[in-house]
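Chemist: Let me give you the structure first, and then I'll get to my questions.
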Amino acid sequence: MATTDAGGEHVERPLVTPEFLENRGYQTELAETASTGHTLVCLPTGLGKTTVSLLVTAERLNAVGGKALMLAPTKPLVQQHAEFYREALEIDDEDVVVFTGEVRPDDRAALWEDARIVIATPQVVENDLVGNRISLADVTHCTFDECHRATGDYAYNYIADRYHADAEDPLVTGMSASPGDDEEAILGVCENLGLSEVAVMTEDDADVAEYTHDTSVDWNRIELPEVVVEIRDAINEVIKDRLAQLRELGVTNKSSADISEREIQGMQADLRKLMNNDQSEGYQGMSLLAEIRKLRTAVTYVETQSVESLRRYFERLKEAARSSGASKADQRLVSEPKVREAIRKAESYDDLHPKFRQTRMLLAETLGIENGERVIVFTESRDTAETLVDFLSDHFTTEKFVGQSDTDGSEGMTQTQQQETLDRFRNGEFEVLVSTSVAEEGLDVPEVDLVLFYEPVPTAIRAIQRKGRTGRQAEGQVVVLLAEDTRDEAYFWKARNDQKRMKRELNELKSVAGELEARLDQTGLDEYEDEEGDASGGTKSEETTTQQSDSTGNGRGSTANKSADDTDGSNGQAGLDAFADDSSEASGGDTEVNSDAATADEGDTATPDTGTVATAGRDDEDDPVEIVADQRELDSNIARDLSTRDGIETRLETLAVGDYVLSDRVVVERKTVADFMDTLTGGDRSMFEQVGDATRNYGRPVVVIEGEDLFGARNVHHKAIQGALASLAVDFGASVLRTSGEDETADLLQVIAEREQEVADREVSVHGEKQSKTLPEQQEYVVASIAEVGPVTARTLLDAFGSVEAVMTADKEALLEVSGIGDVTADRIREVIASDYEP
């Protein structure tokens with residue numbers, strides 16, 4: 001990377017807007033490192049990690065070309081980054097595109113082709129990769145913002161795996177102020193993203209220190225009033241009673257109401273064993289455990305949040321107990337005398353919580369006596385956030401900042417509302433922002449005079465993110481409210497110890513960065529040797545790819561190799577090759593496998609050679625095998641796994657029939673053992689309706705039941721299970737196949753798709769349609785068929801206007817008055833209805 005701007009007041013680089021970026025030495029140093037290899041960039045919150053990534057992007061686009069992809073975990077953060085990139089780079093605004101769920105998939109595919117920079121939420125990119133809508137081949141720089149999220153099944157891991165495998169000239173930058181609580185966690189993030197370099201700057205570095213200021217942290221201890229203690233004690237008495245019943249079942253010796261989640265999980269494991277042995281005590285104990293969990297939540301509300309939050313929670317429990325299909329746990333809870341006593345005391349209590357008064361006092365001190373301008377109050381609970389806004393608005397101009405999803409009794413904020421709220425806060429239009437966790441991470445929240453934690457948070461990462469909202473331009477203050485002898489105490493000590501350890505780890509990480517990089521390189525090398533037998537021909541990026549694949553458990557390298565081993569005869573299964581290569585044998589085998597469905601349609605069992613199967617055929621033996629997956633199947637790892645396999649091309653659609661379409665005659669309904677058992681025990685007959693639709697539309701419907709211990713999973717008689725299996729096979733003509741888990745299901749889908757498309761020479765055809773729709777279903781279907789309108793929105797529109805005709809004739813202003821309808825949806829409805837038809 002060129003360093004022509006060294007010593008200047010502003011950064012001067014190709015593609016960077018002149019006199020826009022302040023030239024900070026630590027940023028250019030980090031960018032220099034990140035431009036030379038796959039790098040983890042660690043920098044304290046508020047010191048410009050995004051600028052580091054932007055400098056690398058500018059360098060790559062200028063020197064190498066292609067396009068850049070930047071991933072951020074939330075929509076507001078994506079929008080914020082897009083605005084910054086458009087200002088800071090000398091490229092056309094339309095060349096920087098935003099990908100979120102609000103952009104239609106077909107539009108994203110078109111935008112991707114011409115974009116130079118794509119800034120997106122990871123879930124959208126994951127969907128587009130699985131659906132084969134985009135290619136990462138020409139992406140020359142990929143940034144993972146807030147990369148500490150790259151754990152477990154988070155979409156970052158899959159995207160990184162695909163990027164290292166598919167890109168012609170990849171370069172990865174991971175960015176975080178808090179990459180992990182310990183060295184192993186940090187290593188895990190690096191391995192999952194394929195990072196081999198580590199660049200760390202701390203507040204102790206001279207170049208950084210001049211841009212930071214001291215942030216004092218005060219912990220204000222608060223004593224609970226007597227009435228609140230009485231309410232808590234009444235609830236704890238019920239917890240003790242339920243624990244006594246569990247002791248009689250032999251799953252615990254605990255008697256104190258102060259029970260941890262780990263202890264609850266231990267009891268749950270013991271109760272499952274009883275359930276697996278068909279012992280009724282297991283089901284009884286699970287119900288008691290469900291009560292304990294709900295009661296612990298109630299205790300947390302009254303101890304650490306407010307009596308008003310507790311009242312709201314109890315009201316939701318009452319509603320749940322009155323609803324059809326209410327659980328016995330809910331019904332017992334609301335009728336329990338001690339709980340009713342707690343509810344009465346809560347309803348008669350005329351205060352909220354001493355934390356409220358303390359909050360008001362601290363704000364008055366900061367905004368009044370000290371002439372401060374802005375304060376952020378963070379809270380874990382949306383109930384508390386809304387109550388705080390009402391409470392504080394009598395004295396300060398106050399607004400809330402919450403997530404987009406609606407919860408019981410509370411509407412979320414749209415992305416537009418979130419952005420407008422932050423803009424007004426930044427412009428000084430109000431003084432106090434009360435936020436849930438949505439504003440913690442990465443958002444460009446204005447510099448504030450005070451960050452107030454309404455309660456401690458249990459993780460160091462979240463505490464660091466929150467504290468980073470102050471102390472950037474001047475000295476800042478952080479205050480944490482802590483209710484004595486409550487769960488606040490435990491969270492306080494855990495977060496404090498974690499933060500100390502993280503700071504120590506980051507300093508150590510800085511000092512041993514070279515050693516850590518060596519460990520990362522060696523890990524990749526060792527695993528590459530394990531896969532290939534010889535590392536000498538592999539490049540560094542190949543090593544990282546192999547390492548990444550193995551660490552995620554469903555990566556390209558490990559899955560593809562497994563697939564090849566299972567089909568090429570190298571593992572001794574030559575019989576499968578012989579079976580697959582002979583057309584007549586394959587057809588006969590197909591008839592045998594589907595013998596349960598043989599009476600459905602005799603013509604479908606003929607081999608392709610007879611000419612009785614109408615199909616366009618496959619033009620090229622090298623064409624990939626196509627598998628169409630329903631959008632909802634992204635809740636599992638199956639579609640992601642298949643999308644990484646050589647020779648497989650996945651496509652995502654909202655299927656009316658089935659979960660996977662493998663040819664013009666094979667559709668698959670996938671059910672976990674739990675789903676299957678719900679059909680038998682919960683009165684839910686949707687599985688049989690779904691299989692009926694599949695049978696009416698496809699010649700070879702397949703039901704895959706996924707999971708272990710079908711006959712021992714629940715206390716259901718084996719004849720009932722066998723009866724359901726028999727009904728699927730005999731009454732519906734479906735083939736019923738079993739798999740042990742998602743990996744085996746993916747293998748099975750691949751095998752069937754290959755047999756259908758390569759051996760039987762069939763094409764994929766999504767032609768199913770749910771049959772016998774009721775009039776309301778047909779009305780919903782008509783409205784929902786418009787792009788941007790799904791079934792939920794269709795029902796909302798029909799409820800509002802009363803008929804399909806009224807929806808179709810409504811103008812934009814009338815549409816916008818309906819809850820959940822925004823400008824994009826309203827414009828799309830009017831465009832489809834009013835535009836001239838031009839075939």
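We label chains A, B, ... in the order they appear in the structure tokens, count residues from 1 in each chain, and number ligands from 1 in the order shown.
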Residues of region 202-425 of chain A in strand (DSSP E) according to DSSP, as JSON, numbers by chain?

Modeler: {"A": [215, 216, 217, 218, 219, 220, 221, 222, 375, 376, 377, 378, 398, 399, 400, 401]}

Chemist: If you keep C-alpha atoms, can you produce a file of those selected residues as a PDB file, in the first residue's frame?

Modeler:
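Everything below was put into selection_2.pdb:
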ATOM      1  CA  THR A 215     -13.655   7.219  30.962  1.00  0.00           C
ATOM      2  CA  SER A 216     -14.506   6.818  34.618  1.00  0.00           C
ATOM      3  CA  VAL A 217     -16.772   3.947  35.636  1.00  0.00           C
ATOM      4  CA  ASP A 218     -18.864   4.224  38.785  1.00  0.00           C
ATOM      5  CA  TRP A 219     -20.972   1.450  40.259  1.00  0.00           C
ATOM      6  CA  ASN A 220     -23.961   2.756  42.172  1.00  0.00           C
ATOM      7  CA  ARG A 221     -25.301   0.207  44.632  1.00  0.00           C
ATOM      8  CA  ILE A 222     -29.020   0.375  45.317  1.00  0.00           C
ATOM      9  CA  VAL A 375     -26.991  10.868  27.698  1.00  0.00           C
ATOM     10  CA  ILE A 376     -27.574   7.253  26.682  1.00  0.00           C
ATOM     11  CA  VAL A 377     -29.366   4.896  29.044  1.00  0.00           C
ATOM     12  CA  PHE A 378     -28.955   1.213  28.211  1.00  0.00           C
ATOM     13  CA  THR A 398     -36.350  11.555  25.919  1.00  0.00           C
ATOM     14  CA  GLU A 399     -36.851   8.982  23.146  1.00  0.00           C
ATOM     15  CA  LYS A 400     -36.469   5.217  22.885  1.00  0.00           C
ATOM     16  CA  PHE A 401     -34.297   3.198  20.511  1.00  0.00           C
TER      17      PHE A 401
END

Chemist: Find the residues near Thr421 (chain A): any atom within 12 Å, counting only C-alpha atoms, skip ones fewer than 3 places away on the same chain, and give them as a VMD selection string.

Modeler: chain A and resid 76 398 to 402 413 to 418 424 to 435 439 445 to 446

Chemist: Go ahead and dump the residues you just picked, N, CA, C and O atoms, as a compact mmCIF listing (two decimals), in the first residue's frame.

Modeler:
# COMPACT_ATOMS: atom_id res chain seq x y z
N PRO A 76 -29.25 -0.94 10.56
CA PRO A 76 -28.77 0.44 10.77
C PRO A 76 -27.27 0.59 10.56
O PRO A 76 -26.80 1.59 10.03
N THR A 398 -36.80 12.95 25.89
CA THR A 398 -36.35 11.55 25.92
C THR A 398 -37.04 10.75 24.81
O THR A 398 -38.24 10.93 24.57
N GLU A 399 -36.28 9.89 24.15
CA GLU A 399 -36.85 8.98 23.15
C GLU A 399 -36.23 7.60 23.30
O GLU A 399 -35.13 7.46 23.81
N LYS A 400 -36.95 6.61 22.80
CA LYS A 400 -36.47 5.22 22.89
C LYS A 400 -35.80 4.81 21.58
O LYS A 400 -36.01 5.41 20.53
N PHE A 401 -34.96 3.78 21.68
CA PHE A 401 -34.30 3.20 20.51
C PHE A 401 -34.31 1.69 20.72
O PHE A 401 -33.58 1.17 21.57
N VAL A 402 -35.17 0.99 19.97
CA VAL A 402 -35.32 -0.46 20.15
C VAL A 402 -35.21 -1.15 18.80
O VAL A 402 -35.13 -0.51 17.75
N MET A 413 -39.18 -0.67 15.99
CA MET A 413 -38.92 0.50 15.16
C MET A 413 -38.40 0.05 13.80
O MET A 413 -37.57 -0.85 13.71
N THR A 414 -38.91 0.67 12.75
CA THR A 414 -38.40 0.37 11.42
C THR A 414 -36.99 0.92 11.28
O THR A 414 -36.54 1.76 12.08
N GLN A 415 -36.30 0.48 10.24
CA GLN A 415 -34.95 0.97 9.99
C GLN A 415 -34.96 2.49 9.79
O GLN A 415 -34.07 3.21 10.28
N THR A 416 -35.98 2.98 9.09
CA THR A 416 -36.08 4.43 8.87
C THR A 416 -36.28 5.17 10.19
O THR A 416 -35.64 6.20 10.44
N GLN A 417 -37.13 4.64 11.05
CA GLN A 417 -37.37 5.27 12.35
C GLN A 417 -36.09 5.28 13.20
O GLN A 417 -35.78 6.27 13.87
N GLN A 418 -35.34 4.17 13.16
CA GLN A 418 -34.09 4.10 13.90
C GLN A 418 -33.12 5.17 13.42
O GLN A 418 -32.51 5.88 14.23
N ARG A 424 -31.68 12.77 14.86
CA ARG A 424 -32.19 13.83 15.73
C ARG A 424 -31.40 13.90 17.03
O ARG A 424 -31.18 14.98 17.59
N PHE A 425 -30.96 12.74 17.53
CA PHE A 425 -30.14 12.72 18.74
C PHE A 425 -28.80 13.40 18.46
O PHE A 425 -28.30 14.20 19.25
N ARG A 426 -28.23 13.10 17.31
CA ARG A 426 -26.94 13.68 16.92
C ARG A 426 -27.06 15.20 16.74
O ARG A 426 -26.14 15.95 17.04
N ASN A 427 -28.22 15.64 16.25
CA ASN A 427 -28.43 17.07 16.01
C ASN A 427 -28.89 17.82 17.25
O ASN A 427 -29.20 19.02 17.17
N GLY A 428 -28.97 17.13 18.38
CA GLY A 428 -29.32 17.80 19.62
C GLY A 428 -30.80 18.09 19.78
O GLY A 428 -31.17 18.96 20.59
N GLU A 429 -31.67 17.37 19.07
CA GLU A 429 -33.10 17.63 19.15
C GLU A 429 -33.72 17.04 20.41
O GLU A 429 -34.84 17.38 20.76
N PHE A 430 -33.04 16.11 21.05
CA PHE A 430 -33.47 15.63 22.36
C PHE A 430 -32.24 15.22 23.15
O PHE A 430 -31.16 15.02 22.58
N GLU A 431 -32.40 15.07 24.47
CA GLU A 431 -31.24 14.92 25.36
C GLU A 431 -30.91 13.49 25.74
O GLU A 431 -29.75 13.15 25.95
N VAL A 432 -31.94 12.66 25.87
CA VAL A 432 -31.75 11.33 26.44
C VAL A 432 -32.24 10.26 25.47
O VAL A 432 -33.39 10.32 25.00
N LEU A 433 -31.37 9.32 25.15
CA LEU A 433 -31.72 8.17 24.33
C LEU A 433 -31.76 6.95 25.24
O LEU A 433 -30.75 6.60 25.85
N VAL A 434 -32.91 6.32 25.34
CA VAL A 434 -33.05 5.09 26.13
C VAL A 434 -33.06 3.92 25.15
O VAL A 434 -33.96 3.81 24.31
N SER A 435 -32.06 3.06 25.24
CA SER A 435 -31.85 2.04 24.22
C SER A 435 -31.74 0.65 24.81
O SER A 435 -31.19 0.46 25.89
N ALA A 439 -28.35 -0.60 20.12
CA ALA A 439 -27.42 0.52 19.88
C ALA A 439 -26.03 0.25 20.42
O ALA A 439 -25.15 1.10 20.35
N VAL A 445 -23.29 6.15 17.12
CA VAL A 445 -24.06 6.92 18.09
C VAL A 445 -23.23 8.13 18.49
O VAL A 445 -22.02 8.01 18.69
N PRO A 446 -23.85 9.30 18.59
CA PRO A 446 -23.07 10.50 18.90
C PRO A 446 -22.31 10.38 20.22
O PRO A 446 -22.70 9.64 21.12

Chemist: Which distance in Å separates CA of Lys49 (chain A) and CA of Asp145 (chain A), to one decimal?

Modeler: 8.7 Å

Chemist: Ranking A:Ala784, A:Val307, A:Leu317, A:Ile231 by minimum distance to Ser335 (chain A) and counting only C-alpha atoms, which one comes first?

Modeler: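 Of the candidates, the smallest distance to Ser335 (chain A) is held by A:Leu317.
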
Chemist: Nearest to Ala63 (chain A): which of A:Glu191, A:Glu777, A:Asp241, A:Asp169 is it, counting only C-alpha atoms?

Modeler: A:Asp169

Chemist: What's around Ala115 (chain A) at 12 Å? Count only C-alpha atoms, leave out sequence neighbours fewer than 6 positions away in its own chain, and write the answer as a count of residues only.

Modeler: 20

Chemist: Taking the chain letters and numbering used in this document, name the residues of region 691-830 of chain A that DSSP puts in alpha helix (DSSP H), as a short mmCIF file (atom, residue, chain, number, x, y, z; two decimals) with N, CA, C and O atoms, in the first residue's frame.

Modeler:
data_model
loop_
_atom_site.label_atom_id
_atom_site.label_comp_id
_atom_site.auth_asym_id
_atom_site.auth_seq_id
_atom_site.Cartn_x
_atom_site.Cartn_y
_atom_site.Cartn_z
N VAL A 691 -48.14 -33.72 2.91
CA VAL A 691 -47.82 -34.89 2.10
C VAL A 691 -48.91 -35.13 1.07
O VAL A 691 -48.64 -35.55 -0.07
N GLY A 692 -50.18 -34.85 1.43
CA GLY A 692 -51.27 -34.96 0.46
C GLY A 692 -51.06 -34.02 -0.72
O GLY A 692 -51.25 -34.41 -1.88
N ASP A 693 -50.67 -32.77 -0.45
CA ASP A 693 -50.37 -31.83 -1.52
C ASP A 693 -49.22 -32.33 -2.38
O ASP A 693 -49.25 -32.23 -3.62
N ALA A 694 -48.20 -32.89 -1.72
CA ALA A 694 -47.05 -33.41 -2.47
C ALA A 694 -47.47 -34.56 -3.38
O ALA A 694 -47.05 -34.65 -4.54
N THR A 695 -48.34 -35.44 -2.89
CA THR A 695 -48.79 -36.59 -3.67
C THR A 695 -49.60 -36.15 -4.89
O THR A 695 -49.49 -36.74 -5.97
N ARG A 696 -50.39 -35.10 -4.72
CA ARG A 696 -51.23 -34.64 -5.84
C ARG A 696 -50.40 -33.94 -6.92
O ARG A 696 -50.86 -33.83 -8.06
N ASN A 697 -49.21 -33.49 -6.57
CA ASN A 697 -48.44 -32.69 -7.52
C ASN A 697 -47.17 -33.35 -8.03
O ASN A 697 -46.62 -32.90 -9.03
N HIS A 718 -45.67 -47.41 20.43
CA HIS A 718 -45.00 -47.69 19.16
C HIS A 718 -46.01 -47.96 18.04
O HIS A 718 -45.74 -47.70 16.87
N LYS A 719 -47.20 -48.45 18.37
CA LYS A 719 -48.19 -48.72 17.33
C LYS A 719 -48.74 -47.43 16.73
O LYS A 719 -49.10 -47.39 15.55
N ALA A 720 -48.80 -46.38 17.54
CA ALA A 720 -49.25 -45.09 17.01
C ALA A 720 -48.23 -44.55 16.02
O ALA A 720 -48.61 -44.00 14.97
N ILE A 721 -46.95 -44.73 16.33
CA ILE A 721 -45.90 -44.28 15.41
C ILE A 721 -45.94 -45.10 14.13
O ILE A 721 -45.88 -44.56 13.02
N GLN A 722 -46.07 -46.41 14.28
CA GLN A 722 -46.14 -47.28 13.11
C GLN A 722 -47.37 -46.97 12.26
O GLN A 722 -47.33 -47.02 11.03
N GLY A 723 -48.47 -46.62 12.93
CA GLY A 723 -49.68 -46.28 12.19
C GLY A 723 -49.49 -45.03 11.34
O GLY A 723 -49.96 -44.98 10.20
N ALA A 724 -48.80 -44.04 11.90
CA ALA A 724 -48.54 -42.83 11.13
C ALA A 724 -47.63 -43.11 9.94
O ALA A 724 -47.86 -42.62 8.83
N LEU A 725 -46.59 -43.93 10.16
CA LEU A 725 -45.70 -44.30 9.06
C LEU A 725 -46.45 -45.06 7.98
O LEU A 725 -46.26 -44.83 6.78
N ALA A 726 -47.32 -45.99 8.42
CA ALA A 726 -48.11 -46.77 7.46
C ALA A 726 -49.03 -45.87 6.65
O ALA A 726 -49.21 -46.05 5.44
N GLU A 742 -28.70 -33.78 10.11
CA GLU A 742 -28.68 -32.92 8.95
C GLU A 742 -27.65 -33.35 7.91
O GLU A 742 -27.91 -33.29 6.70
N ASP A 743 -26.47 -33.80 8.37
CA ASP A 743 -25.44 -34.23 7.42
C ASP A 743 -25.93 -35.40 6.57
O ASP A 743 -25.74 -35.42 5.34
N GLU A 744 -26.57 -36.35 7.22
CA GLU A 744 -27.06 -37.53 6.50
C GLU A 744 -28.21 -37.16 5.57
O GLU A 744 -28.35 -37.71 4.47
N THR A 745 -29.04 -36.21 6.00
CA THR A 745 -30.13 -35.75 5.13
C THR A 745 -29.57 -35.11 3.88
O THR A 745 -30.05 -35.35 2.76
N ALA A 746 -28.55 -34.28 4.04
CA ALA A 746 -27.93 -33.63 2.88
C ALA A 746 -27.35 -34.67 1.92
O ALA A 746 -27.50 -34.57 0.70
N ASP A 747 -26.68 -35.70 2.48
CA ASP A 747 -26.15 -36.77 1.64
C ASP A 747 -27.27 -37.46 0.85
O ASP A 747 -27.13 -37.74 -0.34
N LEU A 748 -28.37 -37.74 1.53
CA LEU A 748 -29.49 -38.42 0.90
C LEU A 748 -30.09 -37.57 -0.22
O LEU A 748 -30.37 -38.08 -1.32
N LEU A 749 -30.29 -36.29 0.04
CA LEU A 749 -30.84 -35.41 -0.99
C LEU A 749 -29.93 -35.36 -2.21
O LEU A 749 -30.40 -35.38 -3.36
N GLN A 750 -28.62 -35.33 -1.98
CA GLN A 750 -27.68 -35.31 -3.10
C GLN A 750 -27.78 -36.58 -3.91
O GLN A 750 -27.83 -36.55 -5.14
N VAL A 751 -27.83 -37.72 -3.23
CA VAL A 751 -27.90 -39.01 -3.94
C VAL A 751 -29.17 -39.10 -4.78
O VAL A 751 -29.14 -39.50 -5.95
N ILE A 752 -30.31 -38.72 -4.20
CA ILE A 752 -31.57 -38.80 -4.95
C ILE A 752 -31.54 -37.84 -6.14
O ILE A 752 -31.94 -38.20 -7.26
N ALA A 753 -31.06 -36.61 -5.91
CA ALA A 753 -31.01 -35.63 -7.00
C ALA A 753 -30.11 -36.11 -8.12
O ALA A 753 -30.43 -35.96 -9.31
N GLU A 754 -28.96 -36.70 -7.79
CA GLU A 754 -28.05 -37.22 -8.82
C GLU A 754 -28.68 -38.37 -9.59
O GLU A 754 -28.56 -38.45 -10.82
N LEU A 775 -61.87 -20.01 0.32
CA LEU A 775 -61.99 -18.67 -0.24
C LEU A 775 -61.04 -17.68 0.43
O LEU A 775 -60.34 -16.93 -0.27
N PRO A 776 -60.94 -17.65 1.78
CA PRO A 776 -59.96 -16.74 2.40
C PRO A 776 -58.54 -17.04 1.96
O PRO A 776 -57.75 -16.11 1.75
N GLU A 777 -58.19 -18.34 1.82
CA GLU A 777 -56.84 -18.69 1.39
C GLU A 777 -56.57 -18.18 -0.03
O GLU A 777 -55.48 -17.70 -0.34
N GLN A 778 -57.57 -18.32 -0.91
CA GLN A 778 -57.40 -17.83 -2.27
C GLN A 778 -57.25 -16.31 -2.28
O GLN A 778 -56.43 -15.76 -3.04
N GLN A 779 -58.03 -15.61 -1.44
CA GLN A 779 -57.90 -14.15 -1.37
C GLN A 779 -56.52 -13.75 -0.88
O GLN A 779 -55.89 -12.84 -1.43
N GLU A 780 -56.03 -14.43 0.17
CA GLU A 780 -54.70 -14.15 0.68
C GLU A 780 -53.64 -14.45 -0.37
O GLU A 780 -52.66 -13.70 -0.51
N TYR A 781 -53.85 -15.53 -1.14
CA TYR A 781 -52.89 -15.92 -2.17
C TYR A 781 -52.76 -14.85 -3.25
O TYR A 781 -51.66 -14.50 -3.69
N VAL A 782 -53.92 -14.29 -3.66
CA VAL A 782 -53.90 -13.26 -4.70
C VAL A 782 -53.11 -12.04 -4.25
O VAL A 782 -52.24 -11.53 -4.96
N VAL A 783 -53.37 -11.57 -3.03
CA VAL A 783 -52.68 -10.38 -2.54
C VAL A 783 -51.21 -10.68 -2.27
O VAL A 783 -50.33 -9.88 -2.58
N ALA A 784 -50.93 -11.86 -1.70
CA ALA A 784 -49.55 -12.23 -1.34
C ALA A 784 -48.69 -12.47 -2.57
O ALA A 784 -47.46 -12.49 -2.47
N PRO A 791 -47.63 -13.62 3.09
CA PRO A 791 -48.93 -14.01 3.62
C PRO A 791 -49.38 -13.21 4.83
O PRO A 791 -50.55 -12.90 4.97
N VAL A 792 -48.43 -12.86 5.72
CA VAL A 792 -48.81 -12.09 6.92
C VAL A 792 -49.29 -10.70 6.52
O VAL A 792 -50.35 -10.22 6.97
N THR A 793 -48.54 -10.03 5.63
CA THR A 793 -48.94 -8.71 5.18
C THR A 793 -50.25 -8.77 4.39
O THR A 793 -51.09 -7.87 4.48
N ALA A 794 -50.43 -9.85 3.61
CA ALA A 794 -51.67 -10.00 2.85
C ALA A 794 -52.88 -10.04 3.79
O ALA A 794 -53.90 -9.39 3.54
N ARG A 795 -52.75 -10.80 4.86
CA ARG A 795 -53.86 -10.87 5.83
C ARG A 795 -54.11 -9.51 6.47
O ARG A 795 -55.26 -9.11 6.69
N THR A 796 -53.03 -8.80 6.78
CA THR A 796 -53.18 -7.46 7.37
C THR A 796 -53.93 -6.53 6.42
O THR A 796 -54.83 -5.78 6.82
N LEU A 797 -53.57 -6.56 5.14
CA LEU A 797 -54.23 -5.71 4.15
C LEU A 797 -55.70 -6.07 3.99
O LEU A 797 -56.57 -5.20 3.92
N LEU A 798 -55.99 -7.37 3.94
CA LEU A 798 -57.38 -7.80 3.77
C LEU A 798 -58.21 -7.46 5.00
O LEU A 798 -59.38 -7.09 4.88
N ASP A 799 -57.60 -7.58 6.19
CA ASP A 799 -58.31 -7.17 7.41
C ASP A 799 -58.63 -5.68 7.37
O ASP A 799 -59.71 -5.24 7.79
N ALA A 800 -57.69 -4.89 6.85
CA ALA A 800 -57.87 -3.44 6.84
C ALA A 800 -58.89 -2.99 5.80
O ALA A 800 -59.71 -2.10 6.07
N PHE A 801 -58.87 -3.61 4.58
CA PHE A 801 -59.72 -3.12 3.49
C PHE A 801 -60.96 -3.97 3.25
O PHE A 801 -61.91 -3.50 2.63
N VAL A 804 -60.31 -8.22 -1.66
CA VAL A 804 -59.20 -8.11 -2.61
C VAL A 804 -59.38 -6.86 -3.48
O VAL A 804 -58.43 -6.12 -3.74
N GLU A 805 -60.61 -6.61 -3.91
CA GLU A 805 -60.89 -5.46 -4.76
C GLU A 805 -60.51 -4.15 -4.06
O GLU A 805 -59.88 -3.27 -4.66
N ALA A 806 -60.85 -4.05 -2.77
CA ALA A 806 -60.53 -2.82 -2.03
C ALA A 806 -59.03 -2.63 -1.88
O ALA A 806 -58.52 -1.51 -1.93
N VAL A 807 -58.30 -3.73 -1.68
CA VAL A 807 -56.84 -3.64 -1.59
C VAL A 807 -56.27 -3.15 -2.92
O VAL A 807 -55.41 -2.26 -2.97
N MET A 808 -56.78 -3.72 -4.01
CA MET A 808 -56.23 -3.40 -5.32
C MET A 808 -56.56 -1.98 -5.78
O MET A 808 -55.83 -1.40 -6.59
N THR A 809 -57.64 -1.41 -5.27
CA THR A 809 -58.02 -0.06 -5.70
C THR A 809 -57.56 1.03 -4.73
O THR A 809 -57.74 2.21 -4.98
N LYS A 812 -51.88 4.98 -2.60
CA LYS A 812 -50.70 4.82 -1.76
C LYS A 812 -50.93 5.34 -0.35
O LYS A 812 -50.52 4.73 0.64
N GLU A 813 -51.60 6.48 -0.24
CA GLU A 813 -51.83 7.07 1.09
C GLU A 813 -52.64 6.13 1.97
O GLU A 813 -52.35 5.96 3.17
N ALA A 814 -53.66 5.50 1.38
CA ALA A 814 -54.47 4.55 2.15
C ALA A 814 -53.67 3.33 2.55
O ALA A 814 -53.80 2.81 3.66
N LEU A 815 -52.81 2.86 1.65
CA LEU A 815 -51.97 1.70 1.96
C LEU A 815 -51.02 2.00 3.11
O LEU A 815 -50.80 1.16 3.99
N LEU A 816 -50.46 3.21 3.11
CA LEU A 816 -49.48 3.57 4.14
C LEU A 816 -50.11 3.66 5.53
O LEU A 816 -49.40 3.62 6.54
N ASP A 823 -43.15 2.58 2.49
CA ASP A 823 -43.10 3.15 1.15
C ASP A 823 -42.79 2.11 0.08
O ASP A 823 -43.40 2.09 -0.99
N VAL A 824 -41.80 1.23 0.38
CA VAL A 824 -41.38 0.24 -0.63
C VAL A 824 -42.53 -0.68 -1.00
O VAL A 824 -42.83 -0.92 -2.17
N THR A 825 -43.21 -1.20 0.02
CA THR A 825 -44.32 -2.14 -0.24
C THR A 825 -45.47 -1.43 -0.94
O THR A 825 -46.05 -1.96 -1.90
N ALA A 826 -45.82 -0.24 -0.46
CA ALA A 826 -46.93 0.50 -1.07
C ALA A 826 -46.63 0.81 -2.54
O ALA A 826 -47.49 0.64 -3.41
N ASP A 827 -45.40 1.25 -2.82
CA ASP A 827 -45.03 1.55 -4.21
C ASP A 827 -45.09 0.31 -5.08
O ASP A 827 -45.53 0.36 -6.24
N ARG A 828 -44.63 -0.81 -4.53
CA ARG A 828 -44.63 -2.05 -5.32
C ARG A 828 -46.06 -2.49 -5.64
O ARG A 828 -46.34 -2.92 -6.77
N ILE A 829 -46.96 -2.40 -4.66
CA ILE A 829 -48.36 -2.79 -4.90
C ILE A 829 -48.96 -1.92 -6.00
O ILE A 829 -49.58 -2.41 -6.95
N ARG A 830 -48.76 -0.61 -5.90
CA ARG A 830 -49.33 0.28 -6.91
C ARG A 830 -48.69 0.06 -8.28
O ARG A 830 -49.37 0.14 -9.31
#

Chemist: Counting only C-alpha atoms, figure out which residue out of A:His10, A:His148, A:Arg357, A:Arg640 gets nearest to Val130 (chain A).

Modeler: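 When distances to Val130 (chain A) are compared using only C-alpha atoms, the smallest one comes from A:Arg640.
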
Chemist: Find the spatial neighbours of region 631-636 of chain A, counting only C-alpha atoms, within a cut-off of 12 Å - ignore same-chain residues fewer than 3 positions away - and output them as a VMD selection string.

Modeler: chain A and resid 105 123 to 124 126 to 131 153 to 155 554 628 639 to 643 650 to 656 658 to 660 668 to 672 706 741 to 743 745 to 746
